[in-house]
file final.cif (mmCIF, C-alpha atoms)
data_coords
loop_
_atom_site.label_atom_id
_atom_site.label_comp_id
_atom_site.auth_asym_id
_atom_site.auth_seq_id
_atom_site.Cartn_x
_atom_site.Cartn_y
_atom_site.Cartn_z
CA MET J 1344 -31.06 12.62 9.45
CA HIS J 1345 -28.98 10.35 11.62
CA GLU J 1346 -29.69 11.38 15.16
CA PRO J 1347 -27.09 9.85 17.47
CA ASN J 1348 -28.97 7.89 20.10
CA GLY J 1349 -26.07 7.61 22.59
CA THR J 1350 -26.23 9.55 25.83
CA THR J 1351 -25.21 13.17 25.60
CA ALA J 1352 -22.60 12.71 28.34
CA ASP J 1353 -20.34 10.42 26.32
CA ILE J 1354 -20.82 12.56 23.22
CA SER J 1355 -19.52 15.63 24.97
CA LEU J 1356 -16.48 14.35 26.86
CA LEU J 1357 -15.32 11.09 25.27
CA ALA J 1358 -15.97 12.38 21.78
CA VAL J 1359 -13.74 15.43 22.16
CA LEU J 1360 -10.94 13.56 23.92
CA PRO J 1361 -9.19 12.36 20.71
CA LEU J 1362 -9.28 15.89 19.31
CA ILE J 1363 -7.72 17.32 22.46
CA LEU J 1364 -4.96 14.69 22.39
CA LEU J 1365 -4.40 15.35 18.71
CA LEU J 1366 -4.08 19.08 19.28
CA PHE J 1367 -1.62 18.47 22.12
CA ILE J 1368 0.55 16.11 20.02
CA THR J 1369 0.54 18.46 17.04
CA LEU J 1370 1.55 21.44 19.15
CA ALA J 1371 4.34 19.35 20.69
CA TYR J 1372 5.66 18.43 17.24
CA LEU J 1373 5.44 22.00 15.97
CA SER J 1374 7.20 23.49 18.98
CA ALA J 1375 9.93 20.84 18.78
CA ALA J 1376 10.38 21.54 15.06
CA TYR J 1377 10.52 25.27 15.79
CA ARG J 1378 13.15 24.76 18.47
CA GLN J 1379 15.34 22.98 15.91
CA ARG J 1380 15.91 26.27 14.09
CA PRO J 1381 19.10 27.45 15.74
CA ALA J 1382 20.63 23.98 15.70
CA THR J 1383 21.98 22.09 12.72
CA GLY J 1384 20.22 23.55 9.72
CA GLY J 1385 16.77 23.42 11.32
CA TRP J 1386 13.96 21.00 10.65
CA SER J 1387 12.67 20.21 7.18
CA GLY J 1388 9.57 22.12 6.13
CA TRP J 1389 8.41 19.05 4.20
CA ARG J 1390 8.41 16.91 7.31
CA THR J 1391 6.51 19.56 9.25
CA GLY J 1392 4.06 19.77 6.36
CA PHE J 1393 3.53 16.01 6.40
CA PHE J 1394 2.85 16.08 10.13
CA ILE J 1395 0.30 18.86 9.80
CA ALA J 1396 -1.34 17.00 6.90
CA GLY J 1397 -1.59 13.84 9.02
CA SER J 1398 -3.05 15.82 11.91
CA LEU J 1399 -5.60 17.47 9.66
CA LEU J 1400 -6.71 14.09 8.27
CA LEU J 1401 -7.08 12.80 11.81
CA GLY J 1402 -8.86 15.97 12.84
CA VAL J 1403 -11.45 15.38 10.13
CA ALA J 1404 -11.83 11.71 11.08
CA PHE J 1405 -12.24 12.49 14.79
CA ALA J 1406 -14.56 15.46 14.36
CA PRO J 1407 -17.65 14.74 16.52
CA PRO J 1408 -20.21 15.12 13.67
CA ILE J 1409 -18.23 12.67 11.50
CA MET J 1410 -17.84 10.29 14.44
CA ALA J 1411 -21.56 10.35 15.16
CA TRP J 1412 -22.41 9.85 11.52
CA ALA J 1413 -19.87 7.03 11.02
CA HIS J 1414 -21.52 5.33 13.97
CA HIS J 1415 -24.64 4.87 11.88
CA ASP J 1416 -23.32 4.68 8.35
CA LEU J 1417 -20.87 1.92 7.49
CA ARG J 1418 -19.66 3.76 4.38
CA LEU J 1419 -18.54 6.70 6.42
CA HIS J 1420 -16.95 4.34 8.92
CA VAL J 1421 -14.82 2.90 6.09
CA VAL J 1422 -13.74 6.38 4.99
CA GLN J 1423 -12.90 7.20 8.60
CA HIS J 1424 -10.94 3.96 8.86
CA LEU J 1425 -9.03 4.82 5.70
CA LEU J 1426 -8.07 8.22 7.15
CA ILE J 1427 -7.12 6.98 10.61
CA GLY J 1428 -5.50 3.71 9.67
CA MET J 1429 -3.83 4.36 6.32
CA LEU J 1430 -3.48 7.95 5.09
CA ALA J 1431 -2.80 9.83 8.34
CA PRO J 1432 -0.22 7.25 9.54
CA LEU J 1433 1.60 7.45 6.19
CA ALA J 1434 1.82 11.24 6.49
CA TRP J 1435 3.00 11.00 10.10
CA VAL J 1436 5.65 8.40 9.27
CA LEU J 1437 6.98 10.72 6.56
CA SER J 1438 7.29 13.50 9.14
CA ALA J 1439 9.99 11.53 11.02
CA PRO J 1440 8.61 12.19 14.52
CA VAL J 1441 11.05 9.84 16.26
CA THR J 1442 14.07 11.60 14.79
CA LEU J 1443 12.63 14.92 15.96
CA LEU J 1444 11.95 13.47 19.42
CA LEU J 1445 15.52 12.20 19.74
CA ARG J 1446 16.93 15.56 18.69
CA THR J 1447 14.69 17.44 21.10
CA LEU J 1448 15.09 15.39 24.26
CA PRO J 1449 18.07 15.92 26.55
CA PRO J 1450 20.91 13.53 25.61
CA ARG J 1451 20.45 11.17 28.53
CA THR J 1452 16.73 10.74 28.04
CA SER J 1453 17.33 10.42 24.34
CA ARG J 1454 19.71 7.54 24.93
CA HIS J 1455 17.08 5.78 27.02
CA VAL J 1456 14.56 6.19 24.24
CA VAL J 1457 17.03 4.68 21.77
CA MET J 1458 17.52 1.76 24.14
CA VAL J 1459 13.78 1.20 24.25
CA LEU J 1460 13.54 1.45 20.46
CA ARG J 1461 16.30 -1.12 20.08
CA SER J 1462 14.80 -3.48 22.62
CA ARG J 1463 13.55 -6.84 21.52
CA PRO J 1464 9.82 -6.17 22.09
CA VAL J 1465 9.88 -3.01 19.96
CA ARG J 1466 11.94 -4.75 17.28
CA THR J 1467 9.49 -7.64 17.23
CA ILE J 1468 6.39 -5.51 17.02
CA SER J 1469 7.79 -3.24 14.33
CA HIS J 1470 8.82 -6.14 12.10
CA PRO J 1471 6.84 -5.97 8.84
CA LEU J 1472 5.22 -9.34 9.49
CA SER J 1473 3.94 -8.49 12.96
CA ALA J 1474 2.83 -5.06 11.79
CA LEU J 1475 0.95 -6.79 8.97
CA LEU J 1476 -0.67 -9.17 11.42
CA LEU J 1477 -1.71 -6.32 13.72
CA ASN J 1478 -3.05 -4.29 10.82
CA ILE J 1479 -4.83 -6.77 8.54
CA GLY J 1480 -5.33 -9.45 11.18
CA GLY J 1481 -7.05 -6.83 13.32
CA MET J 1482 -9.32 -5.94 10.41
CA TYR J 1483 -10.35 -9.53 9.76
CA LEU J 1484 -11.08 -9.92 13.46
CA LEU J 1485 -13.06 -6.71 13.59
CA TYR J 1486 -15.20 -7.08 10.50
CA LEU J 1487 -15.70 -10.84 10.22
CA THR J 1488 -16.73 -11.38 13.84
CA PRO J 1489 -19.36 -9.76 16.09
CA LEU J 1490 -16.59 -7.47 17.38
CA TYR J 1491 -17.59 -4.57 15.11
CA ALA J 1492 -21.17 -4.69 16.39
CA ALA J 1493 -19.79 -4.63 19.93
CA THR J 1494 -17.74 -1.48 19.26
CA LEU J 1495 -20.97 0.29 18.37
CA GLN J 1496 -22.38 -0.53 21.79
CA HIS J 1497 -19.40 0.32 23.99
CA PRO J 1498 -17.80 3.77 23.60
CA ALA J 1499 -14.53 2.65 25.20
CA LEU J 1500 -14.19 -0.22 22.75
CA HIS J 1501 -14.98 2.20 19.97
CA HIS J 1502 -12.10 4.49 20.95
CA TRP J 1503 -9.83 1.51 21.39
CA MET J 1504 -10.62 0.45 17.83
CA HIS J 1505 -9.60 3.86 16.48
CA LEU J 1506 -6.42 3.85 18.52
CA HIS J 1507 -5.63 0.40 17.17
CA PHE J 1508 -6.16 1.58 13.58
CA LEU J 1509 -3.78 4.48 14.13
CA VAL J 1510 -1.02 2.56 15.93
CA ALA J 1511 -1.16 -0.50 13.68
CA GLY J 1512 -1.30 1.68 10.56
CA TYR J 1513 1.69 3.69 11.73
CA LEU J 1514 3.72 0.59 12.56
CA PHE J 1515 2.84 -0.94 9.21
CA CYS J 1516 3.79 2.13 7.14
CA TRP J 1517 7.02 2.56 9.06
CA SER J 1518 7.98 -1.10 8.84
CA ILE J 1519 7.39 -1.14 5.08
CA LEU J 1520 9.17 2.14 4.35
CA ALA J 1521 11.94 1.57 6.91
CA GLY J 1522 12.34 5.34 7.00
CA PRO J 1523 12.70 8.28 7.25
CA ASP J 1524 13.01 7.46 10.97
CA ALA J 1525 15.88 5.00 11.20
CA ALA J 1526 14.65 1.42 11.13
CA PRO J 1527 17.86 -0.39 11.92
CA HIS J 1528 16.53 -3.90 11.93
CA ALA J 1529 14.26 -3.66 8.93
CA PRO J 1530 14.58 -6.51 6.43
CA GLY J 1531 15.59 -5.81 2.83
CA MET J 1532 13.54 -4.09 0.16
CA ARG J 1533 12.41 -7.31 -1.51
CA PHE J 1534 11.06 -8.75 1.73
CA ARG J 1535 9.19 -5.54 2.53
CA LEU J 1536 7.73 -5.46 -0.96
CA GLY J 1537 6.58 -9.04 -0.42
CA VAL J 1538 4.81 -8.08 2.81
CA LEU J 1539 3.17 -5.13 1.07
CA PHE J 1540 1.97 -7.53 -1.62
CA VAL J 1541 0.39 -9.83 0.99
CA SER J 1542 -1.22 -6.82 2.64
CA MET J 1543 -2.76 -5.64 -0.63
CA ALA J 1544 -4.06 -9.11 -1.44
CA THR J 1545 -5.57 -9.75 1.99
CA HIS J 1546 -7.13 -6.30 1.97
CA ALA J 1547 -8.76 -7.01 -1.41
CA ILE J 1548 -9.97 -10.44 -0.25
CA LEU J 1549 -11.51 -8.92 2.89
CA GLY J 1550 -13.37 -6.36 0.78
CA LYS J 1551 -14.80 -9.13 -1.40
CA LEU J 1552 -15.75 -11.31 1.57
CA MET J 1553 -17.58 -8.42 3.21
CA TYR J 1554 -19.37 -7.67 -0.04
CA GLY J 1555 -20.30 -11.26 -0.81
CA TYR J 1556 -21.22 -12.48 2.66
CA LEU J 1557 -22.49 -9.17 4.07
CA TRP J 1558 -20.15 -8.67 6.97
CA PRO J 1559 -20.07 -7.08 9.53
CA ARG J 1560 -23.31 -8.66 10.67
CA GLY J 1561 -25.63 -7.74 13.51
CA THR J 1562 -25.32 -4.01 12.93
CA GLY J 1563 -28.65 -3.34 11.26
CA HIS J 1564 -27.05 -1.99 8.07
CA ASP J 1565 -28.91 -2.91 4.92
CA VAL J 1566 -27.44 -4.88 2.03
CA GLU J 1567 -26.72 -1.92 -0.25
CA GLU J 1568 -24.95 -0.04 2.50
CA ILE J 1569 -22.68 -2.96 3.38
CA GLN J 1570 -21.87 -3.63 -0.26
CA ALA J 1571 -21.10 0.03 -0.93
CA ALA J 1572 -18.89 0.08 2.18
CA ALA J 1573 -17.08 -3.09 1.09
CA GLN J 1574 -16.37 -1.60 -2.33
CA LEU J 1575 -15.12 1.59 -0.70
CA MET J 1576 -12.81 -0.53 1.43
CA TYR J 1577 -11.57 -2.39 -1.65
CA TYR J 1578 -10.81 0.67 -3.77
CA GLY J 1579 -9.82 2.89 -0.85
CA GLY J 1580 -7.38 0.23 0.33
CA ASP J 1581 -5.96 0.06 -3.20
CA LEU J 1582 -5.46 3.79 -3.23
CA ALA J 1583 -3.70 3.87 0.14
CA GLU J 1584 -1.50 0.88 -0.56
CA VAL J 1585 -0.51 2.02 -4.05
CA LEU J 1586 0.39 5.34 -2.44
CA LEU J 1587 2.55 3.46 0.06
CA ALA J 1588 4.21 1.52 -2.79
CA ILE J 1589 4.89 4.74 -4.69
CA VAL J 1590 6.47 6.32 -1.61
CA LEU J 1591 8.53 3.17 -1.02
CA PHE J 1592 9.86 3.16 -4.59
CA THR J 1593 10.45 6.91 -4.57
CA MET J 1594 12.58 6.54 -1.44
CA TRP J 1595 14.37 3.63 -3.12
CA LEU J 1596 15.05 5.66 -6.25
CA ARG J 1597 16.35 8.59 -4.22
CA THR J 1598 19.15 6.60 -2.60
CA SER J 1599 22.34 6.64 -4.64
CA PRO J 1600 22.53 3.88 -7.26
CA SER J 1601 25.52 2.23 -5.58
CA HIS J 1602 23.66 1.92 -2.28
CA ARG J 1603 20.35 1.06 -3.85
CA SER J 1604 19.57 -2.58 -3.35
CA ALA J 1605 19.07 -4.06 -6.79
CA LEU J 1606 15.66 -5.67 -6.95
CA THR J 1607 16.81 -8.04 -9.63
CA PRO J 1608 20.43 -9.16 -9.62
CA TYR J 1609 22.72 -7.16 -11.88
CA GLN J 1610 24.19 -8.92 -14.87
CA PRO J 1611 27.91 -8.40 -14.28
CA GLU J 1612 27.61 -9.53 -10.67
CA PRO J 1613 26.66 -12.94 -9.38
CA PRO J 1614 23.40 -12.83 -7.36
CA PRO J 1615 24.86 -13.23 -3.81
CA VAL J 1616 26.33 -9.72 -3.97
CA THR J 1617 22.94 -8.10 -3.62
CA LYS J 1618 22.17 -10.05 -0.49
CA GLU J 1619 25.36 -9.03 1.28
CA ASP J 1620 24.86 -5.56 0.03
CA MET J 1621 21.59 -4.99 1.79
CA PRO J 1622 22.19 -5.04 5.55
CA THR J 1623 25.51 -3.16 5.55
CA PRO J 1624 24.51 0.35 4.42
CA ARG J 1625 21.88 0.72 7.07
CA SER J 1626 23.79 -0.80 9.87
CA PRO J 1627 21.79 0.29 12.90
CA ARG J 1628 24.29 1.68 15.34
CA HIS J 1629 25.67 4.32 13.02
CA ARG J 1630 22.45 5.96 12.14
CA TRP J 1631 21.17 6.38 15.60
CA SER J 1632 24.38 7.20 17.34
CA LYS J 1633 25.00 9.93 14.78
CA ARG J 1634 21.79 11.62 15.80
CA LEU J 1635 22.79 11.76 19.42
CA PRO J 1636 24.64 14.83 20.56
CA MET P 662 28.68 -2.23 -9.31
CA ALA P 663 29.92 1.33 -8.70
CA THR P 664 29.72 2.46 -12.34
CA PRO P 665 27.79 0.04 -14.50
CA PRO P 666 28.90 0.14 -18.13
CA PRO P 667 26.69 2.37 -20.31
CA VAL P 668 25.38 -0.57 -22.30
CA THR P 669 21.63 -0.96 -22.67
CA SER P 670 20.03 -3.91 -21.01
CA PRO P 671 17.50 -5.53 -23.40
CA ARG P 672 16.42 -8.28 -21.04
CA ARG P 673 15.62 -5.90 -18.17
CA SER P 674 13.98 -3.36 -20.46
CA LEU P 675 11.76 -6.11 -21.83
CA TRP P 676 10.74 -7.67 -18.53
CA TYR P 677 10.17 -4.46 -16.59
CA ALA P 678 7.99 -3.26 -19.47
CA VAL P 679 6.07 -6.56 -19.36
CA LEU P 680 5.21 -5.69 -15.74
CA VAL P 681 3.94 -2.27 -16.80
CA GLY P 682 2.00 -3.70 -19.75
CA ALA P 683 0.24 -6.34 -17.68
CA GLY P 684 -0.58 -3.79 -14.98
CA VAL P 685 -1.93 -1.28 -17.52
CA MET P 686 -4.13 -3.92 -19.16
CA ALA P 687 -5.50 -4.93 -15.77
CA GLY P 688 -6.18 -1.27 -15.06
CA ILE P 689 -7.99 -0.83 -18.39
CA ASP P 690 -10.15 -3.89 -17.68
CA GLU P 691 -10.91 -2.61 -14.23
CA ILE P 692 -11.89 0.87 -15.33
CA LEU P 693 -13.66 -0.03 -18.57
CA PHE P 694 -15.54 -3.19 -17.68
CA HIS P 695 -16.14 -2.72 -13.95
CA GLN P 696 -16.62 1.01 -13.67
CA ILE P 697 -17.77 2.39 -17.03
CA LEU P 698 -19.67 -0.46 -18.68
CA GLN P 699 -20.47 -2.24 -15.41
CA TRP P 700 -20.49 -5.57 -17.26
CA HIS P 701 -18.33 -7.35 -14.72
CA HIS P 702 -19.74 -8.03 -11.28
CA PHE P 703 -17.72 -7.08 -8.23
CA PHE P 704 -18.60 -10.40 -6.65
CA ASP P 705 -19.99 -13.51 -8.30
CA HIS P 706 -21.49 -16.11 -6.00
CA ALA P 707 -20.62 -18.81 -8.54
CA THR P 708 -16.93 -18.16 -7.88
CA PRO P 709 -15.28 -21.00 -5.94
CA ALA P 710 -13.32 -20.10 -2.76
CA VAL P 711 -9.99 -20.62 -4.51
CA GLY P 712 -11.15 -18.10 -7.12
CA ILE P 713 -11.72 -15.40 -4.50
CA LEU P 714 -8.29 -16.11 -3.00
CA SER P 715 -6.45 -16.03 -6.32
CA ASP P 716 -8.41 -12.97 -7.39
CA GLY P 717 -7.06 -11.10 -4.37
CA LEU P 718 -3.51 -12.25 -5.05
CA LEU P 719 -3.77 -11.34 -8.71
CA HIS P 720 -5.26 -7.94 -7.92
CA ALA P 721 -2.36 -7.12 -5.60
CA ALA P 722 0.14 -8.38 -8.18
CA GLU P 723 -1.35 -6.14 -10.88
CA LEU P 724 -1.19 -3.05 -8.71
CA LEU P 725 2.35 -3.70 -7.57
CA ALA P 726 3.45 -4.67 -11.10
CA ILE P 727 2.48 -1.32 -12.54
CA VAL P 728 4.19 0.67 -9.77
CA ALA P 729 7.29 -1.54 -9.63
CA GLY P 730 7.61 -1.74 -13.43
CA PHE P 731 7.38 2.02 -13.78
CA PHE P 732 10.04 2.68 -11.13
CA LEU P 733 12.35 -0.08 -12.39
CA LEU P 734 12.19 1.39 -15.90
CA THR P 735 12.92 4.83 -14.46
CA ASP P 736 15.89 3.38 -12.62
CA LEU P 737 17.09 1.74 -15.83
CA ALA P 738 16.70 4.99 -17.76
CA ARG P 739 18.71 6.86 -15.15
CA ARG P 740 21.48 4.29 -15.47
CA ARG P 741 21.26 4.82 -19.25
CA GLN P 742 20.51 1.14 -19.75
CA LEU P 743 17.00 1.43 -21.10
CA ALA P 744 16.54 -0.17 -24.52
CA VAL P 745 13.41 1.56 -25.80
CA SER P 746 12.55 -0.84 -28.64
CA TRP P 747 12.67 -3.81 -26.27
CA ALA P 748 10.59 -1.93 -23.72
CA TRP P 749 7.81 -1.35 -26.28
CA ALA P 750 7.83 -5.02 -27.18
CA GLY P 751 7.55 -5.78 -23.48
CA VAL P 752 4.57 -3.46 -22.99
CA PHE P 753 2.55 -5.18 -25.73
CA LEU P 754 3.60 -8.70 -24.73
CA GLY P 755 2.57 -7.86 -21.16
CA MET P 756 -0.79 -6.45 -22.23
CA GLY P 757 -1.61 -9.34 -24.56
CA GLY P 758 -0.30 -11.95 -22.14
CA PHE P 759 -2.41 -10.57 -19.32
CA GLN P 760 -5.52 -10.30 -21.46
CA LEU P 761 -5.17 -13.91 -22.59
CA PHE P 762 -4.50 -15.10 -19.03
CA ASP P 763 -7.55 -13.15 -17.83
CA GLY P 764 -9.73 -14.59 -20.60
CA ILE P 765 -8.69 -18.21 -20.18
CA VAL P 766 -7.65 -18.74 -16.56
CA ASN P 767 -9.70 -16.12 -14.69
CA HIS P 768 -12.92 -16.22 -16.65
CA LYS P 769 -13.01 -19.88 -17.64
CA LEU P 770 -10.87 -21.99 -15.32
CA LEU P 771 -11.18 -20.14 -12.01
CA ARG P 772 -14.54 -18.65 -12.98
CA ILE P 773 -13.87 -15.49 -10.97
CA HIS P 774 -16.42 -13.56 -12.99
CA GLN P 775 -17.77 -13.57 -16.52
CA ILE P 776 -17.36 -10.82 -19.09
CA ARG P 777 -21.05 -9.99 -19.12
CA TYR P 778 -24.13 -11.45 -17.50
CA GLY P 779 -27.36 -12.51 -19.14
CA VAL P 780 -25.95 -12.79 -22.66
CA ASP P 781 -24.50 -15.52 -24.85
CA LEU P 782 -20.93 -15.59 -23.59
CA LEU P 783 -19.30 -17.32 -26.56
CA VAL P 784 -19.10 -14.17 -28.71
CA TYR P 785 -17.75 -12.15 -25.81
CA ASP P 786 -15.17 -14.77 -24.87
CA LEU P 787 -14.00 -15.09 -28.48
CA THR P 788 -13.68 -11.31 -28.89
CA TRP P 789 -11.84 -11.01 -25.60
CA ASN P 790 -9.30 -13.69 -26.41
CA LEU P 791 -8.87 -12.60 -30.03
CA SER P 792 -8.07 -9.07 -28.85
CA ALA P 793 -5.47 -10.68 -26.58
CA LEU P 794 -3.95 -12.50 -29.53
CA VAL P 795 -3.81 -9.28 -31.55
CA LEU P 796 -1.94 -7.52 -28.75
CA LEU P 797 0.39 -10.51 -28.43
CA GLY P 798 0.94 -10.43 -32.19
CA VAL P 799 1.94 -6.76 -32.05
CA GLY P 800 4.24 -7.63 -29.16
CA ILE P 801 5.90 -10.46 -31.10
CA TRP P 802 6.35 -8.23 -34.15
CA LEU P 803 7.98 -5.53 -31.96
CA TYR P 804 10.13 -8.20 -30.32
CA ARG P 805 11.45 -9.40 -33.66
CA ARG P 806 11.99 -5.84 -34.81
CA ALA P 807 13.97 -5.11 -31.64
CA SER P 808 16.18 -8.13 -32.13
CA ARG P 809 16.71 -7.17 -35.79
CA LEU P 810 17.76 -3.67 -34.70
CA GLU P 811 20.06 -5.24 -32.15
CA ARG P 812 21.93 -7.26 -34.76
CA LYS P 813 22.62 -4.19 -36.90
#

call {"tool": "encode", "arguments": {"input": "final.cif", "output": "structure tokens"}}
result
Amino acid sequence: MHEPNGTTADISLLAVLPLILLLFITLAYLSAAYRQRPATGGWSGWRTGFFIAGSLLLGVAFAPPIMAWAHHDLRLHVVQHLLIGMLAPLAWVLSAPVTLLLRTLPPRTSRHVVMVLRSRPVRTISHPLSALLLNIGGMYLLYLTPLYAATLQHPALHHWMHLHFLVAGYLFCWSILAGPDAAPHAPGMRFRLGVLFVSMATHAILGKLMYGYLWPRGTGHDVEEIQAAAQLMYYGGDLAEVLLAIVLFTMWLRTSPSHRSALTPYQPEPPPVTKEDMPTPRSPRHRWSKRLP
Amino acid sequence: MATPPPVTSPRRSLWYAVLVGAGVMAGIDEILFHQILQWHHFFDHATPAVGILSDGLLHAAELLAIVAGFFLLTDLARRRQLAVSWAWAGVFLGMGGFQLFDGIVNHKLLRIHQIRYGVDLLVYDLTWNLSALVLLGVGIWLYRRASRLERK
């Protein structure tokens, strides 16, 4: 019932491009995981499973019929956004792709990659606050300005938007979880929880603003459609961010009690102990240098 | 810090359970009044800007409270420091406290939304806040029971 009115040329080539890239990246991950077998104990089946799950979610979101439909229906766009920007990145982060990359590459190249990962620009951009700004700030910019309407007109901008969702979502999930890929410079658990809190609140506020003031404007969507989409964004965002919180706390609970940063200061100890306690166990150099052959 | 003494921690048990209780009550309100009865409106144009802002903050706090409270209680139980009677008191104090806060601050002071639209609100507001007081009463009774048990 929604006939895409774009030219057939950009449907055929540009529309399949993300799927081809996705297939390529997934095969690269799988072959790297397979090649880990003879080495130290192999690669975790769970991590591989998470990567495949993330790829499948992305595959659904990038499927040409869904893409064409989401172009016309804001509700489907929100679902697509949820898959690309929240759920798939979470699954990919849990698959520890950087650790796998470092184990797969030859030692010298691997060392260069570590140097890049430790560099100031990467550290800055993967800080929870900048990841939050990229993620939620990008959403405010997209939905509360004419930018969203523009992405419907220009295919390149449209792809750029999806890429931004994916990258910003990945950075955000990784910066909040600070694992399983080593995140040497990540701030403590309480700070990350605080950033997650701000993210949840701003997400909820955006959903309400879109519902109440009927953003994004200039797209020709009717009132009911925008309001349904805004509610989907509100509850879908809740779902994704509660999932992220559950994963964060599960990872926290799985670390041994002596290394676990106490969220509230322990009675026998004076409060400063917890603060000192936090940076030392995940001192950066050790974790990464251990991974290098 | 290495091996905490196997003594229960009443204060933590109470407060972590308060988090869970408040989060659960918020969840019940959300599911019952927004989704099932559809009495509450998702957005009320009479809400002032500060109401929308605080609504978002509160919503995030509720969601995180329930997850954090649950995991903190689990952590406490694993350390064998969970005091169950205090935790139950905390759950009810949290539920009642949240309900009262929702009824007074959210509905009346910030005017985020009303309980129901197109009806005489007084009865609804009274019922809402009385139910909060009942929950708080149960919480206070459990609290006193827990401290009596403690003294034995």

call {"tool": "interface_residues", "arguments": {"input": "final.cif", "of": "chain P", "to": "chain J", "cutoff": "9 Å", "atoms": "only C-alpha atoms", "output": "VMD selection string"}}
result
chain P and resid 662 to 665 670 673 703 to 706 713 to 722 724 to 725 728 to 729 732 to 733 735 to 736 740

call {"tool": "resolve_selection", "arguments": {"input": "final.cif", "expression": "the PyMOL selection byres ((chain P and resi 677) around 8)", "output": "short mmCIF file (atom, residue, chain, number, x, y, z; two decimals) with C-alpha atoms, in the frame of the given file"}}
result
data_model
loop_
_atom_site.label_atom_id
_atom_site.label_comp_id
_atom_site.auth_asym_id
_atom_site.auth_seq_id
_atom_site.Cartn_x
_atom_site.Cartn_y
_atom_site.Cartn_z
CA ARG P 673 15.62 -5.90 -18.17
CA SER P 674 13.98 -3.36 -20.46
CA LEU P 675 11.76 -6.11 -21.83
CA TRP P 676 10.74 -7.67 -18.53
CA ALA P 678 7.99 -3.26 -19.47
CA VAL P 679 6.07 -6.56 -19.36
CA LEU P 680 5.21 -5.69 -15.74
CA VAL P 681 3.94 -2.27 -16.80
CA GLY P 730 7.61 -1.74 -13.43
CA PHE P 731 7.38 2.02 -13.78
CA LEU P 733 12.35 -0.08 -12.39
CA LEU P 734 12.19 1.39 -15.90
CA ALA P 748 10.59 -1.93 -23.72
CA GLY P 751 7.55 -5.78 -23.48
#

call {"tool": "residues_around", "arguments": {"input": "final.cif", "residues": "range 1389-1393 of chain J", "least_positions_apart": "2", "cutoff": "9 Å", "atoms": "only C-alpha atoms", "output": "VMD selection string"}}
result
chain J and resid 1372 to 1373 1376 1386 to 1387 1395 to 1398 1433 to 1440

call {"tool": "residues_around", "arguments": {"input": "final.cif", "residues": "Phe759 in chain P", "least_positions_apart": "4", "cutoff": "9 Å", "atoms": "all atoms listed in the file", "output": "ChimeraX atom specification"}}
result
/P:682-684,686-687,754-755,763-764,793

call {"tool": "atom_distance", "arguments": {"input": "final.cif", "atom1": "CA of Gln696 in chain P", "atom2": "CA of Tyr1486 in chain J"}}
result
25.5 Å

call {"tool": "residues_around", "arguments": {"input": "final.cif", "residues": "His1414 in chain J", "least_positions_apart": "4", "cutoff": "7 Å", "atoms": "only C-alpha atoms", "output": "ChimeraX atom specification"}}
result
/J:1410,1420,1495

call {"tool": "atom_distance", "arguments": {"input": "final.cif", "atom1": "CA of Ala1431 in chain J", "atom2": "CA of Ala1404 in chain J"}}
result
9.6 Å

call {"tool": "resolve_selection", "arguments": {"input": "final.cif", "expression": "the PyMOL selection byres ((chain J and resi 1425) around 10)", "output": "count of residues only"}}
result
24

call {"tool": "closest_residue", "arguments": {"input": "final.cif", "among": "P:Gly757, P:Trp789, P:Arg805, P:Arg672", "to": "Arg777 in chain P", "atoms": "all atoms listed in the file"}}
result
P:Trp789

call {"tool": "resolve_selection", "arguments": {"input": "final.cif", "expression": "the PyMOL selection byres ((chain P and resi 799-802) around 8)", "output": "PDB file with C-alpha atoms, in the coordinates of the input"}}
result
ATOM      1  CA  TRP P 749       7.810  -1.350 -26.280  1.00  0.00           C
ATOM      2  CA  ALA P 750       7.830  -5.020 -27.180  1.00  0.00           C
ATOM      3  CA  GLY P 751       7.550  -5.780 -23.480  1.00  0.00           C
ATOM      4  CA  VAL P 752       4.570  -3.460 -22.990  1.00  0.00           C
ATOM      5  CA  PHE P 753       2.550  -5.180 -25.730  1.00  0.00           C
ATOM      6  CA  LEU P 754       3.600  -8.700 -24.730  1.00  0.00           C
ATOM      7  CA  GLY P 757      -1.610  -9.340 -24.560  1.00  0.00           C
ATOM      8  CA  VAL P 795      -3.810  -9.280 -31.550  1.00  0.00           C
ATOM      9  CA  LEU P 796      -1.940  -7.520 -28.750  1.00  0.00           C
ATOM     10  CA  LEU P 797       0.390 -10.510 -28.430  1.00  0.00           C
ATOM     11  CA  GLY P 798       0.940 -10.430 -32.190  1.00  0.00           C
ATOM     12  CA  LEU P 803       7.980  -5.530 -31.960  1.00  0.00           C
ATOM     13  CA  TYR P 804      10.130  -8.200 -30.320  1.00  0.00           C
ATOM     14  CA  ARG P 805      11.450  -9.400 -33.660  1.00  0.00           C
ATOM     15  CA  ARG P 806      11.990  -5.840 -34.810  1.00  0.00           C
TER      16      ARG P 806
END
